[in-house]
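> Structure: final-v8.cif, mmCIF, C-alpha atoms.
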data_model
#
loop_
_atom_site.label_atom_id
_atom_site.label_comp_id
_atom_site.auth_asym_id
_atom_site.auth_seq_id
_atom_site.Cartn_x
_atom_site.Cartn_y
_atom_site.Cartn_z
CA MET A 1 112.01 113.51 90.97
CA PHE A 2 111.12 110.11 89.58
CA GLN A 3 113.58 110.22 86.66
CA LYS A 4 116.53 109.61 88.99
CA GLN A 5 118.51 106.56 87.90
CA ASP A 6 119.66 104.15 90.60
CA LYS A 7 122.02 101.32 89.70
CA LYS A 8 121.68 99.89 93.22
CA ARG A 9 118.00 99.19 92.57
CA ASN A 10 118.85 97.81 89.16
CA ALA A 11 121.44 95.49 90.69
CA TYR A 12 120.98 91.90 91.86
CA GLN A 13 118.55 91.72 94.80
CA LEU A 14 118.21 88.07 95.86
CA TYR A 15 119.58 88.05 99.39
CA ARG A 16 118.44 86.30 102.58
CA GLY A 17 114.91 84.87 102.24
CA GLN A 18 114.51 85.87 98.61
CA ALA A 19 117.59 83.83 97.65
CA ARG A 20 115.63 80.65 98.47
CA LYS A 21 112.21 81.88 97.49
CA GLY A 22 112.52 84.75 95.05
CA TYR A 23 113.08 85.92 91.51
CA ASP A 24 114.93 88.82 89.93
CA TRP A 25 114.56 89.76 86.27
CA TRP A 26 115.79 92.39 83.84
CA TRP A 27 113.46 93.10 80.90
CA HIS A 28 114.42 94.80 77.62
CA SER A 29 112.19 95.59 74.63
CA PHE A 30 112.87 97.44 71.39
CA THR A 31 112.10 97.60 67.66
CA GLY A 32 114.39 96.57 64.81
CA TYR A 33 114.20 96.78 61.02
CA ASN A 34 114.76 93.98 58.54
CA GLU A 35 118.16 94.42 56.90
CA LYS A 36 116.77 93.47 53.47
CA THR A 37 113.19 94.75 53.41
CA GLY A 38 113.17 97.50 56.05
CA LYS A 39 110.09 95.97 57.67
CA GLU A 40 109.93 96.64 61.40
CA LYS A 41 109.62 94.07 64.16
CA SER A 42 109.45 94.43 67.94
CA PHE A 43 111.58 92.21 70.18
CA PHE A 44 112.20 91.46 73.84
CA VAL A 45 115.02 89.92 75.88
CA GLU A 46 114.89 89.08 79.58
CA PHE A 47 117.33 87.59 82.08
CA PHE A 48 115.34 85.85 84.85
CA VAL A 49 116.99 84.43 87.99
CA CYS A 50 114.92 82.14 90.24
CA ASN A 51 115.75 80.74 93.70
CA PRO A 52 119.54 80.85 93.26
CA LYS A 53 120.35 79.36 96.69
CA LEU A 54 118.59 76.14 95.67
CA GLY A 55 120.72 75.84 92.56
CA LYS A 56 122.71 72.99 91.12
CA ASP A 57 124.82 72.35 88.04
CA GLU A 58 121.65 71.70 86.05
CA PRO A 59 118.55 73.91 86.01
CA ILE A 60 115.72 72.77 88.29
CA LEU A 61 112.46 73.25 86.37
CA GLY A 62 109.37 73.65 88.49
CA GLN A 63 106.93 72.44 85.84
CA LEU A 64 108.74 69.14 85.37
CA ALA A 65 106.43 66.43 86.72
CA ALA A 66 109.20 64.68 88.71
CA ASN A 67 110.13 67.93 90.47
CA ARG A 68 106.51 68.74 91.25
CA GLU A 69 105.98 65.29 92.77
CA LYS A 70 109.04 65.77 95.01
CA GLY A 71 108.10 69.35 95.90
CA ARG A 72 111.33 70.72 94.44
CA ARG A 73 111.17 74.45 93.79
CA PRO A 74 112.63 75.86 90.55
CA SER A 75 116.17 77.23 90.40
CA TYR A 76 117.90 78.61 87.31
CA LEU A 77 118.80 81.49 85.08
CA MET A 78 116.31 81.71 82.22
CA VAL A 79 117.23 83.77 79.18
CA LYS A 80 113.91 84.66 77.58
CA ALA A 81 113.97 86.11 74.06
CA GLY A 82 111.42 86.59 71.35
CA ALA A 83 109.31 88.80 69.17
CA TRP A 84 105.79 90.11 68.76
CA GLY A 85 103.71 90.17 65.59
CA GLU A 86 101.89 87.52 63.61
CA ASP A 87 104.85 85.16 64.13
CA ALA A 88 105.15 86.03 67.83
CA ALA A 89 107.28 83.63 69.85
CA GLN A 90 108.86 83.31 73.30
CA LEU A 91 112.06 81.27 73.49
CA HIS A 92 113.49 80.03 76.80
CA ARG A 93 117.06 78.91 77.50
CA PHE A 94 117.82 77.60 80.99
CA PHE A 95 121.11 77.47 82.89
CA GLY A 96 121.93 75.81 86.19
CA VAL A 97 122.89 78.34 88.85
CA ASN A 98 126.42 76.91 89.02
CA GLU A 99 126.86 77.71 85.32
CA VAL A 100 126.13 81.39 85.91
CA SER A 101 128.35 84.24 87.08
CA ILE A 102 126.41 87.08 88.74
CA ARG A 103 127.96 90.18 90.23
CA LYS A 104 126.54 90.38 93.75
CA ASN A 105 127.83 93.87 94.61
CA GLY A 106 127.87 96.72 92.14
CA PRO A 107 126.10 97.31 88.81
CA ILE A 108 124.43 94.28 87.30
CA LYS A 109 126.62 91.84 85.42
CA ILE A 110 125.45 88.34 84.46
CA LYS A 111 127.34 85.84 82.29
CA ALA A 112 126.28 82.32 81.28
CA LYS A 113 128.23 80.79 78.39
CA ASP A 114 127.54 83.05 75.37
CA CYS A 115 124.79 85.07 77.12
CA PHE A 116 125.77 88.32 78.84
CA LEU A 117 124.01 91.25 80.50
CA SER A 118 125.32 94.49 81.99
CA GLU A 119 124.00 98.03 82.30
CA SER A 120 125.19 98.83 78.79
CA ILE A 121 125.39 95.51 76.89
CA ILE A 122 123.10 92.57 76.23
CA ARG A 123 123.98 89.65 73.98
CA GLY A 124 123.25 85.97 73.59
CA LYS A 125 121.55 83.19 71.65
CA VAL A 126 118.46 81.02 72.13
CA ASN A 127 117.62 78.15 69.78
CA ILE A 128 114.60 75.90 70.39
CA SER A 129 113.59 73.17 67.93
CA ASP A 130 110.10 71.80 67.31
CA THR A 131 111.26 68.56 68.91
CA ASP A 132 112.45 70.44 72.01
CA VAL A 133 108.99 71.96 72.44
CA LYS A 134 107.24 68.60 72.15
CA GLU A 135 109.65 66.80 74.48
CA HIS A 136 109.99 69.58 77.06
CA PRO A 137 106.66 71.24 77.93
CA GLU A 138 108.30 72.27 81.22
CA TRP A 139 110.33 74.80 79.20
CA MET A 140 107.04 76.71 78.67
CA CYS A 141 108.10 78.11 75.28
CA ASP A 142 107.80 78.06 71.51
CA SER A 143 110.25 76.94 68.85
CA GLY A 144 112.55 79.27 66.94
CA SER A 145 115.92 80.96 67.14
CA MET A 146 117.13 84.39 68.15
CA GLU A 147 120.58 85.91 68.41
CA PHE A 148 121.01 89.40 69.85
CA ASN A 149 123.94 91.76 70.32
CA LEU A 150 123.07 95.25 71.52
CA LYS A 151 124.43 98.26 73.34
CA ILE A 152 122.04 99.99 75.78
CA ASN A 153 121.85 103.67 76.65
CA LYS A 154 119.31 104.16 79.44
CA GLN A 155 118.15 107.76 79.09
CA ILE A 156 115.15 108.35 81.39
CA ALA A 157 114.30 106.32 84.50
CA TYR A 158 111.17 105.71 86.49
CA ASN A 159 112.27 105.51 90.11
CA VAL A 160 109.17 104.76 92.21
CA GLY A 161 110.66 106.28 95.37
CA TYR A 162 110.95 104.94 98.89
CA GLY A 163 108.71 101.94 98.15
CA ALA A 164 111.70 100.28 96.48
CA GLY A 165 114.30 102.10 98.58
CA SER A 166 117.07 100.44 100.57
CA LEU A 167 115.00 99.91 103.75
CA PHE A 168 112.04 98.33 101.96
CA ARG A 169 114.42 96.19 99.91
CA TYR A 170 116.26 95.03 103.02
CA LEU A 171 113.03 94.17 104.84
CA GLN A 172 111.62 92.58 101.65
CA LEU A 173 108.26 94.13 102.48
CA PHE A 174 106.66 94.03 99.04
CA GLU A 175 105.85 90.75 97.37
CA MET A 176 106.82 92.29 94.01
CA PHE A 177 109.16 95.25 93.50
CA TRP A 178 109.59 97.35 90.35
CA HIS A 179 112.24 99.73 89.03
CA ALA A 180 112.60 101.09 85.48
CA GLU A 181 116.22 102.20 85.07
CA GLY A 182 115.55 102.96 81.40
CA MET A 183 111.86 103.50 80.68
CA LYS A 184 113.28 105.38 77.69
CA SER A 185 116.33 103.56 76.37
CA ALA A 186 118.31 103.68 73.14
CA TYR A 187 119.48 100.33 71.73
CA ASP A 188 122.14 99.93 69.05
CA GLY A 189 123.00 96.62 67.40
CA TYR A 190 121.27 93.72 65.71
CA VAL A 191 118.93 90.76 66.15
CA ILE A 192 118.81 87.61 64.02
CA PHE A 193 115.33 86.14 64.41
CA ASN A 194 114.58 82.85 62.65
CA GLY A 195 117.36 83.52 60.15
CA GLU A 196 116.38 87.12 59.33
CA LYS A 197 118.67 89.95 60.44
CA TYR A 198 117.19 93.12 61.94
CA ILE A 199 119.11 96.33 62.58
CA VAL A 200 118.35 98.21 65.80
CA THR A 201 119.22 101.91 65.91
CA PRO A 202 118.96 104.44 68.76
CA GLU A 203 116.85 106.87 66.73
CA LYS A 204 113.86 104.61 66.15
CA CYS A 205 114.09 101.61 68.47
CA TYR A 206 111.46 102.86 70.99
CA GLY A 207 113.49 101.08 73.65
CA TYR A 208 112.56 100.18 77.20
CA ALA A 209 114.39 98.53 80.16
CA ASP A 210 113.11 97.71 83.64
CA LYS A 211 113.26 95.05 86.32
CA ASN A 212 110.99 93.25 88.79
CA TRP A 213 111.95 91.16 91.77
CA GLY A 214 110.29 89.59 94.79
CA LYS A 215 108.69 86.42 96.07
CA ASP A 216 105.60 86.19 93.87
CA PHE A 217 103.71 87.95 91.08
CA THR A 218 100.67 90.21 91.14
CA SER A 219 97.12 89.59 89.94
CA PRO A 220 95.80 91.50 88.11
CA TRP A 221 99.05 92.30 86.32
CA VAL A 222 99.09 95.57 84.34
CA TRP A 223 101.89 97.24 82.38
CA LEU A 224 101.85 99.98 79.71
CA SER A 225 104.79 102.02 78.42
CA SER A 226 105.77 103.92 75.29
CA ASN A 227 108.10 106.63 74.01
CA ASP A 228 106.57 106.64 70.51
CA LEU A 229 104.46 109.72 71.18
CA TYR A 230 102.91 112.35 68.91
CA SER A 231 101.41 115.60 70.19
CA LYS A 232 98.05 116.59 68.71
CA ARG A 233 98.42 120.01 70.30
CA TYR A 234 101.76 120.80 68.68
CA GLN A 235 101.44 118.49 65.66
CA ARG A 236 104.87 116.97 66.16
CA ARG A 237 106.67 114.01 67.69
CA LEU A 238 107.61 114.27 71.35
CA ASN A 239 111.28 113.31 71.40
CA ASN A 240 111.91 113.92 75.10
CA SER A 241 108.86 112.10 76.45
CA VAL A 242 107.88 108.69 77.80
CA PHE A 243 105.24 107.20 80.08
CA ASP A 244 105.20 104.06 82.19
CA ILE A 245 102.32 102.42 84.11
CA GLY A 246 102.60 99.27 86.22
CA GLY A 247 101.08 97.34 89.08
CA GLY A 248 97.77 95.65 89.85
CA ARG A 249 97.32 94.36 93.38
CA PRO A 250 100.52 94.94 95.37
CA LYS A 251 101.04 93.15 98.68
CA VAL A 252 102.89 94.55 101.68
CA GLY A 253 103.63 91.48 103.72
CA PRO A 254 100.31 89.59 103.96
CA VAL A 255 98.21 92.71 103.23
CA ALA A 256 96.93 93.15 99.67
CA LEU A 257 96.35 96.71 98.41
CA GLN A 258 93.38 96.61 96.08
CA ARG A 259 93.87 97.72 92.44
CA LYS A 260 96.83 100.06 92.71
CA LEU A 261 99.00 101.32 89.85
CA LEU A 262 102.19 103.35 89.76
CA SER A 263 102.80 105.62 86.79
CA ALA A 264 104.91 108.45 85.48
CA PHE A 265 104.85 110.64 82.39
CA TRP A 266 107.99 112.55 81.44
CA TYR A 267 106.46 115.13 79.10
CA GLU A 268 109.16 117.09 77.26
CA GLY A 269 111.06 117.61 80.50
CA ILE A 270 108.00 118.15 82.73
CA PRO A 271 107.35 115.35 85.29
CA PHE A 272 103.86 114.04 86.02
CA GLU A 273 103.66 111.22 88.55
CA PHE A 274 100.75 109.19 89.93
CA ASN A 275 102.17 107.14 92.80
CA PHE A 276 99.89 105.79 95.55
CA SER A 277 102.85 105.39 97.93
CA LYS A 278 103.32 109.19 97.87
CA PHE A 279 100.11 109.70 99.81
CA TRP A 280 100.62 113.46 100.14
CA THR A 281 99.93 113.88 96.40
CA GLY A 282 96.36 112.59 96.71
CA THR A 283 96.81 109.97 94.00
CA LYS A 284 93.69 108.12 92.90
CA THR A 285 93.47 105.37 90.31
CA ARG A 286 90.71 103.64 88.41
CA PHE A 287 91.43 101.10 85.71
CA GLU A 288 89.61 98.56 83.59
CA CYS A 289 91.28 95.90 81.47
CA GLY A 290 89.63 93.26 79.38
CA GLU A 291 89.51 91.41 76.12
CA THR A 292 87.36 90.99 73.07
CA ASP A 293 87.67 88.21 70.52
CA THR A 294 90.49 90.11 68.80
CA GLN A 295 91.93 92.70 71.20
CA ILE A 296 93.19 93.40 74.71
CA ILE A 297 91.95 96.76 76.00
CA TRP A 298 93.27 99.02 78.79
CA HIS A 299 91.57 102.10 80.26
CA VAL A 300 93.40 103.83 83.10
CA GLU A 301 92.42 107.05 84.88
CA GLN A 302 94.80 108.50 87.44
CA SER A 303 94.75 111.83 89.26
CA THR A 304 96.53 113.82 91.95
CA PHE A 305 95.52 117.11 93.56
CA LYS A 306 96.91 118.92 90.48
CA ALA A 307 97.14 116.57 87.51
CA LYS A 308 95.24 113.87 85.67
CA MET A 309 96.20 111.25 83.10
CA VAL A 310 93.72 109.21 81.07
CA THR A 311 95.21 106.33 79.08
CA ASP A 312 93.40 104.22 76.47
CA ILE A 313 95.40 101.49 74.74
CA THR A 314 94.47 98.50 72.58
CA CYS A 315 96.63 95.71 71.20
CA GLU A 316 95.69 93.05 68.67
CA LYS A 317 95.75 89.53 70.09
CA LYS A 318 97.25 88.21 66.85
CA ASP A 319 100.38 90.27 67.60
CA MET A 320 100.65 89.21 71.25
CA LEU A 321 101.86 86.31 73.38
CA LEU A 322 100.46 84.45 76.34
CA VAL A 323 103.70 84.88 78.21
CA ASN A 324 104.84 82.15 80.61
CA TYR A 325 106.47 82.33 84.03
CA GLU A 326 106.51 80.04 87.04
CA ALA A 327 106.65 81.54 90.52
CA PRO A 328 109.47 80.73 92.98
CA ASN A 329 107.16 78.31 94.81
CA GLY A 330 106.89 76.29 91.58
CA MET A 331 103.29 77.22 90.83
CA LYS A 332 102.15 78.60 87.49
CA LYS A 333 99.00 80.59 88.21
CA HIS A 334 99.33 83.10 85.35
CA ASN A 335 98.04 81.14 82.36
CA ARG A 336 96.46 84.05 80.45
CA LEU A 337 99.07 86.77 80.84
CA TRP A 338 98.81 88.71 77.59
CA ASN A 339 102.04 90.45 76.56
CA GLY A 340 102.67 92.70 73.56
CA GLY A 341 104.84 95.42 72.11
CA ASN A 342 102.60 96.88 69.41
CA GLY A 343 99.87 98.58 71.41
CA LYS A 344 98.28 101.79 70.13
CA GLY A 345 96.08 104.45 71.63
CA VAL A 346 95.72 107.87 73.20
CA VAL A 347 96.87 109.53 76.41
CA ARG A 348 95.20 112.71 77.64
CA LEU A 349 97.22 114.75 80.12
CA TYR A 350 95.65 117.48 82.29
CA TYR A 351 97.01 120.03 84.76
CA LYS A 352 94.75 121.98 87.11
CA GLY A 353 91.70 120.91 85.12
CA LYS A 354 93.03 122.04 81.73
CA LEU A 355 94.09 119.76 78.89
CA VAL A 356 97.87 119.86 78.50
CA ASP A 357 97.94 117.61 75.45
CA LYS A 358 96.24 114.77 73.62
CA ILE A 359 98.99 112.35 72.68
CA LEU A 360 98.84 109.60 70.08
CA VAL A 361 100.72 106.51 71.21
CA GLY A 362 102.39 103.70 69.27
CA HIS A 363 104.81 100.83 69.94
CA THR A 364 103.35 100.40 73.41
CA GLY A 365 104.72 97.68 75.63
CA CYS A 366 101.68 96.15 77.29
CA GLU A 367 100.62 93.37 79.63
CA TYR A 368 97.43 92.24 81.25
CA GLY A 369 96.50 89.05 83.05
CA GLU A 370 94.82 87.60 86.11
CA TYR A 371 95.29 84.27 87.84
CA CYS A 372 93.23 81.49 86.33
#
For the structure just supplied, provide its representation as structure tokens.

Amino acid sequence: MFQKQDKKRNAYQLYRGQARKGYDWWWHSFTGYNEKTGKEKSFFVEFFVCNPKLGKDEPILGQLAANREKGRRPSYLMVKAGAWGEDAAQLHRFFGVNEVSIRKNGPIKIKAKDCFLSESIIRGKVNISDTDVKEHPEWMCDSGSMEFNLKINKQIAYNVGYGAGSLFRYLQLFEMFWHAEGMKSAYDGYVIFNGEKYIVTPEKCYGYADKNWGKDFTSPWVWLSSNDLYSKRYQRRLNNSVFDIGGGRPKVGPVALQRKLLSAFWYEGIPFEFNFSKFWTGTKTRFECGETDTQIIWHVEQSTFKAKMVTDITCEKKDMLLVNYEAPNGMKKHNRLWNGGNGKGVVRLYYKGKLVDKILVGHTGCEYGEYC
């Protein structure tokens, strides 16, 4: 079943062609609580490796005008950290590839000065001044500071199956791969964001951990996930449940597959999966994403021969970021990629035509964007 964890998929993947034209990132998101006031805040931390075989002692930044003029592709480790909410910020710290130690065989382990990532630990610091932002637009980030020191317990996975299996990984068939080693994860530790300390506890962190890798990104880009779920049927929290939806327009080699999403719902120990690559399940997907003046809106309908899942999520723009990435070829085509961690909504789950549950959703990780 899809909840099978696989540390080989979660390991470093940039070999052969993808080492010179590829990226590999590990994403983590969670909620913490202000040590003094108890007010909650949602955070994210990501380790992003780009074109490591092109690397030098210093990071090569693809948006730097001099590099663009010379056709130099980016190469670095970027530690991306930040928070959502009305003071949302994304902070980027870059390292030259020669400054970074990455375990190439075995479970993921990355170290760069005081930043560290493994399967069970993530820690580091990012500090960007207002002057840095003005002088370095190629950093693609905001100003602020964030220190993080957390233990990770990845509890439930979303393993998409053979589409990210060893053969497909070796052949590098997909332009963008996805694996969620901890779509439900428990974090334990602290964050210091702009001088305020937040405590992160396993019981109410609503944690998530996944990774993407490949040669380019997808457009449209869709992601929704939450384990803050409340059953209307049973009038209680669902403590052994989580859902995850991702995709957009996957490419197998040069062939684009129109508007495809992968998703899974682990519902109190019962698996529901909607995976187009498992053609024998009869998976069908229809989704609409858009924006108003104040919100980003997602509507996703997915069905198999036996089950159906209807997901409606909204997130307030004031709590979100226009998140920034450059592709391995140095281009930045995603310039309106909305990213948030405070989405809310409803999921309706059906089995054989009957409503299993209507589930209220909070603390939803969410993304939507198209090339522009």
> Suppose a student applies the PyMOL selection byres ((chain A and resi 326-340) around 6) to this structure; what residues should they get, written as a PyMOL selection string?
chain A and resi 21-22+62+73-74+216+320-323+325+341-342+365-369+371
> Name the residues that the PyMOL selection byres ((chain A and resi 117) around 12) picks from the file above, as number ranges by chain, using the file's chain letters and numbers.
A: 11-12, 25-28, 45-48, 77, 79, 100-103, 107-116, 118-124, 148-152
> Taking into account all atoms listed in the file, which residue in the set A:Asn159, A:Gln3, A:Thr292, A:Thr304 is nearest to Phe279 (chain A)?
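The answer is A:Thr304, which sits nearest to Phe279 (chain A).
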> Using only C-alpha atoms for the distances, tell me which of A:Tyr351, A:Tyr267, A:Phe276, A:Phe43 is nearest to Arg237 (chain A).
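Ranking A:Tyr351, A:Tyr267, A:Phe276, A:Phe43 by distance to Arg237 (chain A), first place goes to A:Tyr267.
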> Any chance you could work out the axis-aligned box around region 178-194 of chain A, listed atoms only, 3 Å on each side, giving centre and edge lengths in Å to one decimal, as AutoDock Vina command-line options?

--center_x 116.3 --center_y 94.1 --center_z 76.5 --size_x 19.4 --size_y 28.5 --size_z 33.7
> Using only C-alpha atoms, find the one residue out of A:Gly38, A:Gly71, A:Gly195, A:Gly207 that sits nearest to Glu181 (chain A).
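With only C-alpha atoms as the atom set, the closest residue is A:Gly207.
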> Measure the distance from CA of Lys354 (chain A) to CA of Glu288 (chain A) in Å and round it to one decimal.
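Computing the Euclidean distance for CA of Lys354 (chain A) and CA of Glu288 (chain A) yields 23.8 Å.
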> For Leu349 (chain A), find every residue with an atom within 7 Å (counting only C-alpha atoms), except residues of its own chain fewer than 6 positions away, and show them as an MDAnalysis selection string.
chainID A and resid 308:310 355:358
> When you count all atoms listed in the file, which of these residues is closest to Asn212 (chain A): A:Ala180, A:Leu224, A:Ala88, A:Val346?
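Of A:Ala180, A:Leu224, A:Ala88, A:Val346, the one nearest Asn212 (chain A), counting all atoms listed in the file, is A:Ala180.
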> List, as a PyMOL selection string, every residue that the PyMOL selection byres ((chain A and resi 215) around 12) selects in the file provided.
chain A and resi 13-25+49-51+169+172-177+212-214+216-218+250-254+326-331
> From the options A:Thr37, A:Asn240, A:Ser129, A:Thr283, which residue's atoms come nearest to Asp228 (chain A), counting all atoms listed in the file?
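Among the listed residues, A:Asn240 lies closest to Asp228 (chain A).
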> Please, what distance in Å, to one decimal, runs between CA of Gly165 (chain A) and CA of Lys211 (chain A)?
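Result for CA of Gly165 (chain A) versus CA of Lys211 (chain A): 14.2 Å, one decimal.
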> Every residue with an atom at most 6 Å from (112.1, 105.5, 76.3) (file coordinates; all atoms listed in the file) is what I'm after, so could you write them as a PDB file with C-alpha atoms, in the coordinates of the input?

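File produced: point13.pdb:
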ATOM      1  CA  MET A 183     111.860 103.500  80.680  1.00  0.00           C
ATOM      2  CA  LYS A 184     113.280 105.380  77.690  1.00  0.00           C
ATOM      3  CA  SER A 185     116.330 103.560  76.370  1.00  0.00           C
ATOM      4  CA  TYR A 206     111.460 102.860  70.990  1.00  0.00           C
ATOM      5  CA  GLY A 207     113.490 101.080  73.650  1.00  0.00           C
ATOM      6  CA  TYR A 208     112.560 100.180  77.200  1.00  0.00           C
ATOM      7  CA  ASN A 227     108.100 106.630  74.010  1.00  0.00           C
ATOM      8  CA  VAL A 242     107.880 108.690  77.800  1.00  0.00           C
TER       9      VAL A 242
END
> Grab the CA of Trp223 (chain A) to CA of Phe94 (chain A) distance for me, in Å with one decimal place.
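Answer for the CA of Trp223 (chain A) to CA of Phe94 (chain A) separation: 25.3 Å.
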> Find the residue from A:Ile297, A:Ala65, A:Met78, A:Ala89 that sits nearest to Cys315 (chain A); use only C-alpha atoms when measuring.
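Selected residue with least distance to Cys315 (chain A): A:Ile297.
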> If we count only C-alpha atoms and set the cut-off at 10 Å, which residues sit around His179 (chain A), ignoring sequence neighbours fewer than 6 positions away in its own chain? Please answer as an MDAnalysis selection string.
chainID A and resid 5:7 9:10 26 157:161 164 209:213
> Neighbours of Phe44 (chain A) within 7 Å (all atoms listed in the file; same-chain residues fewer than 2 positions away dropped), as a PyMOL selection string?
chain A and resi 28-30+46+81-83
> Would you mind listing what lies within 9 Å of Thr285 (chain A) as a list in words, with only C-alpha atoms counted and same-chain residues fewer than 5 positions away left out?
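Once the adjacent positions are removed, what remains is Arg259, Lys260, Leu261, Leu262, Phe274, Phe276, Val300, Glu301, Gln302 and Ser303 of chain A.
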